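upload.cif follows (mmCIF, C-alpha atoms):
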data_start
loop_
_atom_site.label_atom_id
_atom_site.label_comp_id
_atom_site.auth_asym_id
_atom_site.auth_seq_id
_atom_site.Cartn_x
_atom_site.Cartn_y
_atom_site.Cartn_z
CA MET A 126 -13.52 19.25 8.53
CA THR A 127 -16.26 18.77 11.07
CA PRO A 128 -15.87 19.35 14.81
CA GLU A 129 -15.19 15.92 16.19
CA GLY A 130 -13.66 14.33 19.27
CA PRO A 131 -11.61 16.54 21.58
CA LEU A 132 -11.76 19.49 19.17
CA ALA A 133 -15.45 20.10 19.83
CA PRO A 134 -16.79 21.51 23.09
CA PRO A 135 -19.08 19.15 25.04
CA GLU A 136 -22.35 20.74 23.92
CA GLN A 137 -21.27 20.38 20.29
CA GLN A 138 -20.25 16.79 20.85
CA THR A 139 -23.75 16.10 22.14
CA ARG A 140 -25.21 17.80 19.09
CA ILE A 141 -22.94 15.86 16.77
CA ALA A 142 -23.87 12.60 18.43
CA ARG A 143 -27.54 13.47 18.02
CA HIS A 144 -26.99 14.27 14.36
CA ALA A 145 -25.14 11.01 13.88
CA GLN A 146 -27.95 9.10 15.52
CA GLU A 147 -30.55 10.81 13.36
CA HIS A 148 -28.39 10.29 10.33
CA ARG A 149 -28.21 6.55 10.92
CA ARG A 150 -31.90 6.04 11.38
CA SER A 151 -33.08 8.17 8.49
CA GLU A 152 -32.32 8.69 4.84
CA GLY A 153 -28.93 10.27 5.39
CA GLY A 154 -28.46 11.60 1.87
CA ARG A 155 -31.08 14.33 2.41
CA SER A 156 -29.80 15.58 5.76
CA LEU A 157 -29.05 19.31 6.19
CA ARG A 158 -27.18 20.77 9.15
CA CYS A 159 -24.64 23.44 10.06
CA THR A 160 -21.05 22.60 10.86
CA GLN A 161 -18.50 24.97 12.31
CA GLN A 162 -16.14 26.76 9.93
CA ALA A 163 -12.96 24.75 9.55
CA GLU A 164 -10.63 27.57 8.55
CA GLN A 165 -10.54 30.95 6.82
CA PRO A 166 -10.59 30.82 3.00
CA VAL A 167 -7.10 30.95 1.47
CA ALA A 168 -6.53 33.44 -1.33
CA ARG A 169 -5.07 32.34 -4.66
CA GLY A 170 -1.27 32.35 -4.91
CA GLY A 171 -0.24 28.98 -3.54
CA GLY A 172 0.05 30.06 0.07
CA ASP A 173 -1.23 26.70 1.19
CA GLN A 174 1.36 24.81 -0.85
CA ASN A 175 4.23 26.91 0.42
CA ALA A 176 3.16 27.31 4.01
CA GLY A 177 5.83 26.16 6.40
CA ASP A 178 8.43 25.23 3.82
CA GLY A 179 10.74 27.97 5.01
CA ASP A 180 12.48 28.78 1.76
CA GLY A 181 10.15 31.58 0.66
CA ASP A 182 12.02 32.77 -2.42
CA GLN A 183 11.08 36.08 -4.01
CA GLU A 184 8.82 34.65 -6.67
CA ASP A 185 6.73 32.71 -4.16
CA ALA A 186 6.49 35.68 -1.83
CA THR A 187 5.33 37.92 -4.69
CA ASP A 188 2.69 35.38 -5.69
CA ARG A 189 1.46 35.15 -2.14
CA ASP A 190 1.23 38.92 -1.81
CA ALA A 191 -0.68 39.22 -5.07
CA GLY A 192 -3.03 36.46 -3.98
CA ALA A 193 -3.62 38.00 -0.57
CA ALA A 194 -4.56 41.32 -2.19
CA GLU A 195 -7.27 39.67 -4.26
CA ASP A 196 -10.70 39.71 -2.65
CA LEU A 197 -12.20 36.27 -3.21
CA SER A 198 -15.05 36.62 -0.76
CA CYS A 199 -18.66 36.26 -1.87
CA PRO A 200 -20.74 39.38 -1.34
CA GLY A 201 -22.97 39.11 1.71
CA LEU A 202 -22.92 36.54 4.45
CA PRO A 203 -23.09 32.77 3.98
CA GLY A 204 -26.62 32.92 5.34
CA ASP A 205 -27.56 35.18 2.42
CA ARG A 206 -26.40 32.52 0.01
CA LEU A 207 -28.51 29.93 1.79
CA ASP A 208 -31.49 32.30 1.60
CA GLU A 209 -30.88 32.60 -2.14
CA ILE A 210 -30.90 28.81 -2.45
CA ALA A 211 -34.13 28.65 -0.47
CA ALA A 212 -35.72 31.27 -2.72
CA THR A 213 -34.92 29.40 -5.92
CA THR A 214 -35.05 25.74 -4.88
CA PRO A 215 -38.54 24.62 -3.88
CA THR A 216 -37.39 21.65 -1.82
CA PHE A 217 -35.16 23.95 0.30
CA ALA A 218 -37.81 26.67 0.64
CA GLY A 219 -37.91 26.47 4.45
CA VAL A 220 -34.16 26.17 5.04
CA SER A 221 -32.15 28.96 6.65
CA PHE A 222 -29.24 29.20 9.09
CA ALA A 223 -31.68 30.25 11.82
CA ARG A 224 -33.91 27.24 11.15
CA LEU A 225 -30.95 24.85 11.08
CA ASP A 226 -29.69 26.26 14.37
CA ALA A 227 -33.15 25.86 15.87
CA GLU A 228 -33.83 22.39 14.48
CA GLY A 229 -30.28 21.02 14.58
CA SER A 230 -30.86 18.92 11.51
CA MET A 231 -33.52 18.76 8.84
CA GLN A 232 -34.07 16.63 5.81
CA TRP A 233 -35.38 18.10 2.59
CA PRO A 234 -37.97 18.74 1.36
CA VAL A 235 -38.39 21.53 3.93
CA THR A 236 -41.52 23.33 2.85
CA GLN A 237 -44.61 25.08 4.19
CA ALA A 238 -46.32 21.68 4.29
CA ALA A 239 -43.31 20.08 6.02
CA PRO A 240 -41.70 22.93 8.03
CA HIS A 241 -39.50 20.57 10.05
CA GLY A 242 -38.33 18.66 7.01
CA THR A 243 -39.22 15.24 5.73
CA PRO A 244 -37.49 12.44 7.65
CA THR A 245 -39.06 9.77 5.46
CA MET A 246 -39.69 10.65 1.85
CA HIS A 247 -42.04 7.88 0.85
CA VAL A 248 -44.76 6.89 3.34
CA GLY A 249 -47.44 4.43 2.26
CA SER A 250 -46.76 5.12 -1.41
CA PHE A 251 -44.22 6.85 -3.56
CA VAL A 252 -44.63 10.64 -3.73
CA ARG A 253 -45.29 10.58 -7.45
CA GLY A 254 -47.20 7.29 -7.49
CA LEU A 255 -46.06 4.22 -9.37
CA GLY A 256 -43.20 4.39 -11.79
CA GLN A 257 -43.99 6.31 -14.96
CA LEU A 258 -42.61 4.89 -18.16
CA THR A 259 -42.29 7.29 -21.06
CA GLU A 260 -41.63 6.43 -24.67
CA THR A 261 -38.76 8.43 -26.09
CA VAL A 262 -37.27 8.56 -29.55
CA TYR A 263 -33.73 7.35 -30.20
CA VAL A 264 -31.41 10.25 -30.81
CA PRO A 265 -28.01 9.43 -32.31
CA THR A 266 -25.16 11.66 -31.26
CA THR A 267 -24.38 14.64 -33.43
CA GLU A 268 -20.68 14.20 -32.66
CA ARG A 269 -18.75 12.93 -35.69
CA ALA A 270 -15.26 11.54 -36.09
CA ASN A 271 -13.41 12.79 -39.16
CA ARG A 272 -9.83 13.02 -40.45
CA ARG A 273 -9.00 15.78 -37.99
CA PHE A 274 -10.59 14.00 -35.01
CA PRO A 275 -10.51 10.30 -35.98
CA LEU A 276 -10.77 8.70 -32.55
CA VAL A 277 -13.68 8.50 -30.11
CA LEU A 278 -13.01 9.41 -26.49
CA THR A 279 -15.12 7.76 -23.83
CA THR A 280 -14.72 8.69 -20.17
CA GLY A 281 -15.55 6.74 -17.05
CA ARG A 282 -14.72 5.89 -13.48
CA ILE A 283 -12.67 3.32 -11.64
CA LEU A 284 -13.63 1.65 -8.38
CA SER A 285 -11.09 3.24 -6.05
CA GLN A 286 -12.00 6.89 -6.77
CA TYR A 287 -15.41 8.53 -6.46
CA ASN A 288 -16.47 10.90 -9.25
CA VAL A 289 -14.18 13.95 -9.29
CA GLY A 290 -12.28 12.57 -6.33
CA ALA A 291 -13.31 15.18 -3.77
CA GLN A 292 -13.98 12.43 -1.23
CA THR A 293 -11.25 9.97 -2.23
CA ARG A 294 -8.36 11.71 -3.99
CA ARG A 295 -6.62 12.72 -0.75
CA THR A 296 -7.01 9.26 0.79
CA PRO A 297 -4.78 6.19 0.45
CA ASN A 298 -7.09 5.16 -2.40
CA SER A 299 -4.80 7.24 -4.58
CA THR A 300 -2.18 4.54 -4.14
CA TRP A 301 -4.27 2.52 -6.55
CA HIS A 302 -5.08 5.38 -8.88
CA PRO A 303 -2.64 8.29 -8.51
CA GLU A 304 -3.24 9.72 -11.97
CA ASP A 305 -5.79 9.64 -14.79
CA VAL A 306 -4.18 8.14 -17.88
CA LEU A 307 -5.30 7.92 -21.50
CA GLU A 308 -5.73 4.31 -22.56
CA ILE A 309 -5.15 3.74 -26.26
CA HIS A 310 -5.19 0.64 -28.48
CA PRO A 311 -1.73 -0.62 -29.58
CA SER A 312 -2.49 0.02 -33.27
CA ASP A 313 -3.64 3.59 -32.69
CA ALA A 314 -0.61 4.14 -30.46
CA GLU A 315 1.84 2.73 -33.00
CA LEU A 316 0.39 4.90 -35.80
CA ARG A 317 1.13 7.94 -33.66
CA GLY A 318 4.49 6.80 -32.29
CA ILE A 319 3.09 6.58 -28.77
CA VAL A 320 4.36 4.26 -26.06
CA SER A 321 3.13 3.94 -22.49
CA GLY A 322 4.43 6.81 -20.38
CA ASP A 323 4.44 9.41 -23.15
CA VAL A 324 2.70 12.67 -22.38
CA VAL A 325 0.11 13.15 -25.11
CA GLU A 326 -2.13 15.98 -26.19
CA LEU A 327 -5.80 15.05 -26.36
CA SER A 328 -7.77 17.44 -28.58
CA SER A 329 -11.42 17.73 -29.56
CA ARG A 330 -13.47 20.39 -31.34
CA VAL A 331 -14.06 21.93 -27.91
CA GLY A 332 -10.68 21.95 -26.20
CA THR A 333 -7.32 20.37 -25.46
CA THR A 334 -5.70 18.74 -22.47
CA ARG A 335 -2.63 16.62 -21.72
CA LEU A 336 -2.41 13.14 -20.22
CA THR A 337 0.02 10.30 -19.81
CA ALA A 338 -0.64 7.56 -22.35
CA GLN A 339 -1.11 3.93 -21.49
CA VAL A 340 -1.15 1.51 -24.40
CA SER A 341 -3.85 -1.02 -23.63
CA ASP A 342 -5.50 -4.05 -25.20
CA ARG A 343 -8.61 -3.13 -23.22
CA MET A 344 -9.43 -0.50 -25.84
CA PRO A 345 -10.89 -1.36 -29.23
CA ALA A 346 -9.09 0.31 -32.12
CA GLY A 347 -10.47 3.80 -32.68
CA VAL A 348 -11.51 4.36 -29.07
CA VAL A 349 -9.51 6.01 -26.29
CA TYR A 350 -10.52 6.18 -22.65
CA THR A 351 -9.74 8.19 -19.56
CA THR A 352 -11.08 8.73 -16.07
CA PHE A 353 -11.79 12.15 -14.54
CA HIS A 354 -10.88 11.71 -10.90
CA HIS A 355 -8.04 14.26 -10.86
CA PRO A 356 -8.74 17.90 -11.72
CA GLU A 357 -5.53 18.42 -13.68
CA THR A 358 -6.78 15.87 -16.21
CA GLY A 359 -9.24 18.45 -17.54
CA ALA A 360 -11.51 15.85 -19.13
CA ASN A 361 -14.37 18.33 -19.13
CA VAL A 362 -12.28 20.70 -21.23
CA VAL A 363 -12.42 18.19 -24.05
CA THR A 364 -15.95 16.77 -23.87
CA THR A 365 -18.84 18.44 -25.68
CA GLU A 366 -21.86 20.30 -24.30
CA ASN A 367 -24.30 17.69 -25.62
CA SER A 368 -26.71 16.34 -23.04
CA ASP A 369 -29.93 14.37 -22.78
CA TRP A 370 -33.25 16.17 -22.78
CA ALA A 371 -34.72 14.78 -19.58
CA THR A 372 -31.91 14.99 -17.03
CA ASN A 373 -29.34 17.15 -18.86
CA CYS A 374 -26.80 14.38 -18.25
CA PRO A 375 -23.76 15.28 -20.37
CA GLU A 376 -22.68 13.08 -23.26
CA TYR A 377 -19.36 12.08 -21.71
CA LYS A 378 -19.08 8.85 -23.66
CA VAL A 379 -18.78 10.19 -27.19
CA THR A 380 -16.29 12.87 -28.16
CA ALA A 381 -14.34 12.89 -31.42
CA VAL A 382 -10.66 13.46 -30.62
CA GLN A 383 -7.10 13.31 -31.89
CA VAL A 384 -4.07 12.24 -29.84
CA GLU A 385 -0.50 13.42 -30.45
CA VAL A 386 2.77 12.92 -28.60
CA VAL A 387 3.99 15.92 -26.63
CA THR A 388 6.79 14.46 -24.53
CA GLN A 389 8.26 11.05 -25.15
CA ALA A 390 8.96 8.85 -22.17
CA ALA A 391 12.56 7.66 -21.86
CA ARG A 392 12.60 5.05 -24.60
CA ALA A 393 15.45 3.09 -23.01
CA ASP A 394 13.37 2.61 -19.86
CA VAL A 395 10.35 1.59 -21.89
CA GLU A 396 12.33 -0.90 -23.96
CA ALA A 397 13.94 -2.30 -20.84
CA GLN A 398 10.51 -2.82 -19.31
CA ALA A 399 9.30 -4.44 -22.52
CA GLY A 400 12.31 -6.75 -22.41
CA VAL A 401 11.47 -7.77 -18.87
CA ARG A 402 7.94 -8.69 -19.91
CA MET B 73 -26.59 20.56 -34.48
CA SER B 74 -23.64 22.88 -34.33
CA THR B 75 -21.78 23.34 -31.07
CA ASP B 76 -22.35 27.07 -31.69
CA THR B 77 -26.08 26.67 -31.09
CA PRO B 78 -27.03 28.43 -27.84
CA ALA B 79 -27.69 25.96 -25.04
CA VAL B 80 -31.29 27.04 -24.44
CA VAL B 81 -32.11 26.60 -28.14
CA ARG B 82 -30.43 23.20 -28.30
CA MET B 83 -32.06 22.01 -25.09
CA GLY B 84 -35.44 23.47 -26.02
CA HIS B 85 -35.38 21.68 -29.35
CA ASP B 86 -34.39 18.45 -27.57
CA LEU B 87 -37.60 18.79 -25.57
CA VAL B 88 -39.62 19.36 -28.76
CA ARG B 89 -38.12 16.29 -30.41
CA HIS B 90 -39.00 14.05 -27.47
CA LEU B 91 -42.42 15.40 -26.61
CA GLU B 92 -43.98 16.59 -29.89
CA HIS B 93 -45.66 13.20 -30.39
CA LEU B 94 -48.06 13.96 -27.53
CA PRO B 95 -51.60 14.80 -28.68
CA GLY B 96 -53.19 18.22 -28.79
CA ASP B 97 -51.99 20.81 -26.33
CA GLN B 98 -50.31 18.17 -24.18
CA ALA B 99 -46.94 18.51 -25.95
CA ALA B 100 -46.68 22.24 -25.25
CA MET B 101 -47.88 21.70 -21.69
CA GLU B 102 -45.30 18.97 -21.00
CA ILE B 103 -42.49 21.07 -22.48
CA ALA B 104 -43.51 24.04 -20.35
CA THR B 105 -43.74 21.83 -17.27
CA HIS B 106 -40.26 20.44 -17.83
CA ILE B 107 -38.81 23.93 -18.28
CA LYS B 108 -40.56 25.20 -15.15
CA LYS B 109 -39.29 22.30 -13.09
CA PHE B 110 -35.76 21.88 -14.29
CA TRP B 111 -34.45 25.00 -16.04
CA GLU B 112 -32.91 27.61 -13.83
CA PRO B 113 -34.43 31.12 -13.99
CA ARG B 114 -31.66 32.58 -16.18
CA MET B 115 -32.27 29.92 -18.84
CA ARG B 116 -36.00 30.62 -18.85
CA HIS B 117 -35.23 34.33 -19.05
CA GLU B 118 -32.98 33.81 -22.09
CA LEU B 119 -35.58 31.70 -23.87
CA LEU B 120 -38.29 34.30 -23.28
CA ALA B 121 -35.94 37.09 -24.36
CA ARG B 122 -35.17 35.25 -27.61
CA ILE B 123 -38.88 34.97 -28.31
CA ARG B 124 -39.34 38.68 -27.61
CA TRP B 125 -36.45 39.49 -29.97
CA GLY B 126 -38.13 37.42 -32.69
CA ASP B 127 -35.60 34.57 -32.89
CA THR B 128 -36.74 32.78 -36.04
CA THR B 129 -34.66 29.66 -35.34
CA LEU B 130 -36.99 28.56 -32.54
CA HIS B 131 -39.42 25.70 -33.21
CA PRO B 132 -43.06 26.89 -33.13
CA LEU B 133 -43.92 24.28 -30.50
CA LEU B 134 -41.18 25.61 -28.20
CA VAL B 135 -42.52 29.14 -28.69
CA ALA B 136 -46.05 27.93 -27.92
CA ALA B 137 -44.84 26.15 -24.78
CA ALA B 138 -43.04 29.26 -23.62
CA GLY B 139 -46.38 31.07 -23.59
CA ASP B 140 -47.05 29.36 -20.27
CA LEU B 141 -43.80 30.55 -18.72
CA VAL B 142 -43.47 33.54 -16.45
CA ASP B 143 -40.08 35.24 -16.25
CA GLY B 144 -38.56 34.83 -12.81
CA GLU B 145 -41.24 32.48 -11.52
CA VAL B 146 -40.14 29.50 -9.42
CA ASP B 147 -42.22 26.34 -9.76
CA ARG B 148 -43.25 25.35 -6.26
CA GLY B 149 -44.94 22.27 -7.68
CA GLU B 150 -41.60 20.45 -7.63
CA ILE B 151 -42.06 20.18 -3.90
CA LYS B 152 -44.33 17.21 -4.46
CA GLU B 153 -41.92 15.61 -6.90
CA PRO B 154 -38.36 16.16 -5.72
CA SER B 155 -35.65 15.82 -8.27
CA GLY B 156 -33.08 13.77 -6.39
CA GLY B 157 -30.14 14.87 -4.33
#

Rewrite the structure from the file as C-alpha cells, please.
Amino acid sequence: MTPEGPLAPPEQQTRIARHAQEHRRSEGGRSLRCTQQAEQPVARGGGDQNAGDGDGDQEDATDRDAGAAEDLSCPGLPGDRLDEIAATTPTFAGVSFARLDAEGSMQWPVTQAAPHGTPTMHVGSFVRGLGQLTETVYVPTTERANRRFPLVLTTGRILSQYNVGAQTRRTPNSTWHPEDVLEIHPSDAELRGIVSGDVVELSSRVGTTRLTAQVSDRMPAGVVYTTFHHPETGANVVTTENSDWATNCPEYKVTAVQVEVVTQAARADVEAQAGVR
Amino acid sequence: MSTDTPAVVRMGHDLVRHLEHLPGDQAAMEIATHIKKFWEPRMRHELLARIRWGDTTLHPLLVAAAGDLVDGEVDRGEIKEPSGG
C-alpha cells in the first residue's frame, strides 16, 4: 500500500505527485523511492485470516499465541538491508535510505559516475554498443521420461494473471483464473481413471504437489500442463533445478512426471455435466 | 547430469560447454567474467573452496578460469553493462 489520496499528508501528496510525474516521463521500471510503511509485519499463525471473525476457538487462539511469540524480524534496520544490497549490487552502489530521502526518487544505475541515478539509460548509443550475437551449442535436456515418470510437464502463464500473481491474484482477474489446474490429454486421463475435477497428485524426481485435473484436448498425449499463478499450486516443488548457462533461466518446460488420482470428483455430477454437453 | 550434482559444479560446467570453443585464453577469461558478473559471492566462494579442497570432478578449464576470481570481490564493471531489472 502506498500513501495516496486523503491518507497522505499534503507534503507527501506533493512528493507522490512529483514521483508520478517523474515516473511517467522516464523509464519507470528502474525507479527507486521510499514509501511509508503500510502496516506492522504479522507473525505466522493465521492472525490475519482470523482477525475480526469473532469466534476465536481455542485452537485458533493457541496458533495465534504461538505465532506472536515467534520473532520473524530481520536483524538490523531496513536501511541496513538496503546498504547490504548496495554493497553487493554494483548498479545500486549509491542507493541508501538517506540518499532516497534526499533525492526523492532515483533510477538505477546509481553509481559514483552517476550519483543522482540514470534517468535515461541509453543516450546516443546503447551502453554496451550494438547487439552482440554469440554462437552457442545446442544442449538437450538431461531430464528423461521413464516408466516411473512417463509424462512431460510443461508450465506456463495465462493472460489474466501475471507471473506468480502477486500483482493480479487479489484482483477481479481471479474471476477468470481462480485456480491453477493440471491439463491432461483424454487418453492419459482415461488410462489413470481421471476425470475433470479430480484432485490428482503430480510427482517428479524432485517433489510432489496436488492439483485439480482438467481433461483437455489442448494437450498432446504424453504432455501435461499447469500454470503457476497461485502459490498453493507448488509448481516449483515439482520442476527441476536445470537452467540455462547464460541467464540461469530455469527449465520450467520439461519435467518428467507421473499423475495419480487422489480424490475423485463426484462422478454423478461429472456424468450429468457430460450428458448436458 | 545427476540432480545430485552441486549447483556450482553443474553451472560451472555449463559455462565450460558453451565457451570452451573460444581460442586461447579467451575461454577461461569469458568464463571468469561471467562468474564475476552474475554469480553471487557465496557461489564464487563455494567454487573456490572446492578447488582448494581438490575437487577432482571440476573441469580443468573451470579451474583455470577460477584463477582469476577473488573470494568476496564484487565486480563493479557490471555498472557499465546492467543486467536488466

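Against this structure, the PyMOL selection byres ((chain A and resi 295-301) around 12) ends up with Ile283, Leu284, Ser285, Gln286, Tyr287, Val289, Gly290, Ala291, Gln292, Thr293, Arg294, His302, Pro303, Glu304, Asp305, His354 and His355 of chain A.
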
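Shortest separation to B:Leu91 among A:Thr261, A:Thr372, A:Gln339, A:Gln389 occurs at residue A:Thr261, atoms counted being only C-alpha atoms.
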
Check your understanding: Rounded to one decimal in Å, what is the spacing between atom CA of B:Asp86 and atom CA of B:Ala104?
Key -> 12.9 Å

Exercise for review: Would you list the contacts of B:Val142 as a PyMOL selection string, taking every protein, DNA or RNA residue within 10 Å and counting only C-alpha atoms, but skipping same-chain residues closer than 5 positions in sequence?
Suggested key: chain B and resi 108+113+116-117+120+147

Within 12 Å of chain B: each chain A residue with its shortest pair, all atoms listed in the file, as JSON lines:
{"residue": "A:Glu152", "atom": "CA", "partner": "B:Gly157", "partner_atom": "CA", "distance": 11.3}
{"residue": "A:Gly153", "atom": "CA", "partner": "B:Gly157", "partner_atom": "CA", "distance": 10.8}
{"residue": "A:Gly154", "atom": "CA", "partner": "B:Gly157", "partner_atom": "CA", "distance": 7.2}
{"residue": "A:Arg155", "atom": "CA", "partner": "B:Gly157", "partner_atom": "CA", "distance": 6.8}
{"residue": "A:Ser156", "atom": "CA", "partner": "B:Gly157", "partner_atom": "CA", "distance": 10.1}
{"residue": "A:Leu157", "atom": "CA", "partner": "B:Gly157", "partner_atom": "CA", "distance": 11.5}
{"residue": "A:Ile210", "atom": "CA", "partner": "B:Val146", "partner_atom": "CA", "distance": 11.6}
{"residue": "A:Ala211", "atom": "CA", "partner": "B:Val146", "partner_atom": "CA", "distance": 10.8}
{"residue": "A:Ala212", "atom": "CA", "partner": "B:Val146", "partner_atom": "CA", "distance": 8.2}
{"residue": "A:Thr213", "atom": "CA", "partner": "B:Val146", "partner_atom": "CA", "distance": 6.3}
{"residue": "A:Thr214", "atom": "CA", "partner": "B:Val146", "partner_atom": "CA", "distance": 7.8}
{"residue": "A:Pro215", "atom": "CA", "partner": "B:Arg148", "partner_atom": "CA", "distance": 5.3}
{"residue": "A:Thr216", "atom": "CA", "partner": "B:Ile151", "partner_atom": "CA", "distance": 5.3}
{"residue": "A:Phe217", "atom": "CA", "partner": "B:Ile151", "partner_atom": "CA", "distance": 8.9}
{"residue": "A:Ala218", "atom": "CA", "partner": "B:Arg148", "partner_atom": "CA", "distance": 8.9}
{"residue": "A:Gly219", "atom": "CA", "partner": "B:Ile151", "partner_atom": "CA", "distance": 11.2}
{"residue": "A:Gln232", "atom": "CA", "partner": "B:Gly157", "partner_atom": "CA", "distance": 11.0}
{"residue": "A:Trp233", "atom": "CA", "partner": "B:Pro154", "partner_atom": "CA", "distance": 9.0}
{"residue": "A:Pro234", "atom": "CA", "partner": "B:Ile151", "partner_atom": "CA", "distance": 6.8}
{"residue": "A:Val235", "atom": "CA", "partner": "B:Ile151", "partner_atom": "CA", "distance": 8.8}
{"residue": "A:Thr236", "atom": "CA", "partner": "B:Ile151", "partner_atom": "CA", "distance": 7.5}
{"residue": "A:Gln237", "atom": "CA", "partner": "B:Ile151", "partner_atom": "CA", "distance": 9.8}
{"residue": "A:Ala238", "atom": "CA", "partner": "B:Ile151", "partner_atom": "CA", "distance": 9.4}
{"residue": "A:Ala239", "atom": "CA", "partner": "B:Ile151", "partner_atom": "CA", "distance": 10.0}
{"residue": "A:Gly242", "atom": "CA", "partner": "B:Ile151", "partner_atom": "CA", "distance": 11.6}
{"residue": "A:Thr243", "atom": "CA", "partner": "B:Ile151", "partner_atom": "CA", "distance": 11.2}
{"residue": "A:Met246", "atom": "CA", "partner": "B:Pro154", "partner_atom": "CA", "distance": 9.5}
{"residue": "A:His247", "atom": "CA", "partner": "B:Glu153", "partner_atom": "CA", "distance": 10.9}
{"residue": "A:Phe251", "atom": "CA", "partner": "B:Glu153", "partner_atom": "CA", "distance": 9.7}
{"residue": "A:Val252", "atom": "CA", "partner": "B:Glu153", "partner_atom": "CA", "distance": 6.5}
{"residue": "A:Arg253", "atom": "CA", "partner": "B:Glu153", "partner_atom": "CA", "distance": 6.1}
{"residue": "A:Gly254", "atom": "CA", "partner": "B:Glu153", "partner_atom": "CA", "distance": 9.9}
{"residue": "A:Thr259", "atom": "CA", "partner": "B:Leu91", "partner_atom": "CA", "distance": 9.8}
{"residue": "A:Glu260", "atom": "CA", "partner": "B:His90", "partner_atom": "CA", "distance": 8.5}
{"residue": "A:Thr261", "atom": "CA", "partner": "B:His90", "partner_atom": "CA", "distance": 5.8}
{"residue": "A:Val262", "atom": "CA", "partner": "B:His90", "partner_atom": "CA", "distance": 6.1}
{"residue": "A:Tyr263", "atom": "CA", "partner": "B:His90", "partner_atom": "CA", "distance": 9.0}
{"residue": "A:Val264", "atom": "CA", "partner": "B:Arg89", "partner_atom": "CA", "distance": 9.0}
{"residue": "A:Pro265", "atom": "CA", "partner": "B:Met73", "partner_atom": "CA", "distance": 11.4}
{"residue": "A:Thr266", "atom": "CA", "partner": "B:Met73", "partner_atom": "CA", "distance": 9.6}
{"residue": "A:Thr267", "atom": "CA", "partner": "B:Met73", "partner_atom": "CA", "distance": 6.4}
{"residue": "A:Glu268", "atom": "CA", "partner": "B:Met73", "partner_atom": "CA", "distance": 8.9}
{"residue": "A:Arg269", "atom": "CA", "partner": "B:Met73", "partner_atom": "CA", "distance": 11.0}
{"residue": "A:Ser329", "atom": "CA", "partner": "B:Thr75", "partner_atom": "CA", "distance": 11.9}
{"residue": "A:Arg330", "atom": "CA", "partner": "B:Thr75", "partner_atom": "CA", "distance": 8.8}
{"residue": "A:Val331", "atom": "CA", "partner": "B:Thr75", "partner_atom": "CA", "distance": 8.5}
{"residue": "A:Thr364", "atom": "CA", "partner": "B:Thr75", "partner_atom": "CA", "distance": 11.4}
{"residue": "A:Thr365", "atom": "CA", "partner": "B:Thr75", "partner_atom": "CA", "distance": 7.9}
{"residue": "A:Glu366", "atom": "CA", "partner": "B:Thr75", "partner_atom": "CA", "distance": 7.4}
{"residue": "A:Asn367", "atom": "CA", "partner": "B:Thr75", "partner_atom": "CA", "distance": 8.2}
{"residue": "A:Ser368", "atom": "CA", "partner": "B:Met83", "partner_atom": "CA", "distance": 8.1}
{"residue": "A:Asp369", "atom": "CA", "partner": "B:Asp86", "partner_atom": "CA", "distance": 7.7}
{"residue": "A:Trp370", "atom": "CA", "partner": "B:Asp86", "partner_atom": "CA", "distance": 5.4}
{"residue": "A:Ala371", "atom": "CA", "partner": "B:Leu87", "partner_atom": "CA", "distance": 7.8}
{"residue": "A:Thr372", "atom": "CA", "partner": "B:Phe110", "partner_atom": "CA", "distance": 8.4}
{"residue": "A:Asn373", "atom": "CA", "partner": "B:Met83", "partner_atom": "CA", "distance": 8.4}
{"residue": "A:Cys374", "atom": "CA", "partner": "B:Met83", "partner_atom": "CA", "distance": 11.5}
{"residue": "A:Pro375", "atom": "CA", "partner": "B:Met83", "partner_atom": "CA", "distance": 11.7}

Exercise for review: In the coordinates of the file, take the point (-2.8, 8.5, -35.3) and a cut-off of 8 Å; then, counting all atoms listed in the file, name each qualifying protein, DNA or RNA residue as a ChimeraX atom specification.
Suggested key: /A:275,313-317,383-385

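If you look at atom CA of B:Leu134 and atom CA of A:Tyr377, they are 26.5 Å away from each other.
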
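The spacing separating atom CA of A:Arg273 from atom CA of A:Gly322 amounts to 23.9 Å.
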